[in-house]
Every structure is written in structure tokens, then in C-alpha cells.
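A short write-up of the structure that comes next.
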Amino acid sequence: MLHHVVLFSAKKPEDAETIFQGLKILEGIPHSEKLVVTKNIKRDQISAEIDVVVFGLFKDEAQLADYKAHPLYQESIDRVRPLRDTRAVADFYIEE
């Protein structure tokens, strides 16, 4: 299973909720096994600047590509990109 993790931080703290809402629309894309958009609970002092986490499970890279090709994906980018500071991505396989 391909795990897709994306971490976001806002340029301005007051934009964190708008970023969250802009990313939340990704949950409407049908091309994943599981997709969750959630707020970071900020319990780790070193990574407290991360505001929102996107976590997805995909069968393979083709399914992830289908997810990224969906129109809601571009809509989310258009809403979030101007407001975000950090965007860090990790994609990795875990055999189950």
C-alpha cells in the first residue's frame, strides 16, 4: 500500500483554518483507499509549525496519479497555495 503524507503550515496563523477547509475538499476525490485531512494537534514542540496533515492510502502510484488528476485536486491547490508556507510530502510503501 502506498502511503501519501503531506504537511502544511500557514504563512499567517489566521489562515490555518482556510487552508484546512481548502484541503478538506480532497476527501471528495474517489481515487484512494483512504484519505483524511486533519489538523495537527501540535503536541511535538519541534513540529508545532505544522498546521494541517493530509494522509492518504493508495493501491499504487497509478491510483495516486488518478487522485492528483481529479479537478478537486487543482481546486484545492488554487485555494491553498497562496496561503501556505510549508508543503512537505512523503510517499512510501508499506507491505501489509
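In the C-alpha cells, chains take letters A, B, ... by order of appearance, with residues numbered from 1 within each chain and ligands from 1 in the order shown.
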
**Prompt:** Using only C-alpha atoms, which residues sit within 7 Å of range 37-54 of chain A once same-chain residues fewer than 5 positions away are excluded, as a ChimeraX atom specification?
**Reply:** /A:5-10,16,20,23-24

**Message:** Using DSSP assignments from the backbone, pull out every residue in range 15-85 of chain A that falls under strand (DSSP E) and give it to me as a ChimeraX atom specification.
**Reply:** /A:34-39,52-58,84-85

Per-residue nearest contacts range 15-56 of chain A to range 72-86 of chain A, cut-off 8 Å, using only C-alpha atoms, as CSV:
residue,atom,partner,partner_atom,distance
A:Asp15,CA,A:Leu83,CA,6.5
A:Thr18,CA,A:Val80,CA,7.7
A:Ile19,CA,A:Val80,CA,5.3
A:Gly22,CA,A:Ser76,CA,5.3
A:Leu23,CA,A:Ser76,CA,5.7
A:Ile25,CA,A:Ser76,CA,6.7
A:Leu26,CA,A:Tyr73,CA,6.2
A:Gly28,CA,A:Leu72,CA,7.6
A:Ile29,CA,A:Leu72,CA,6.8
A:Ile50,CA,A:Thr86,CA,7.9
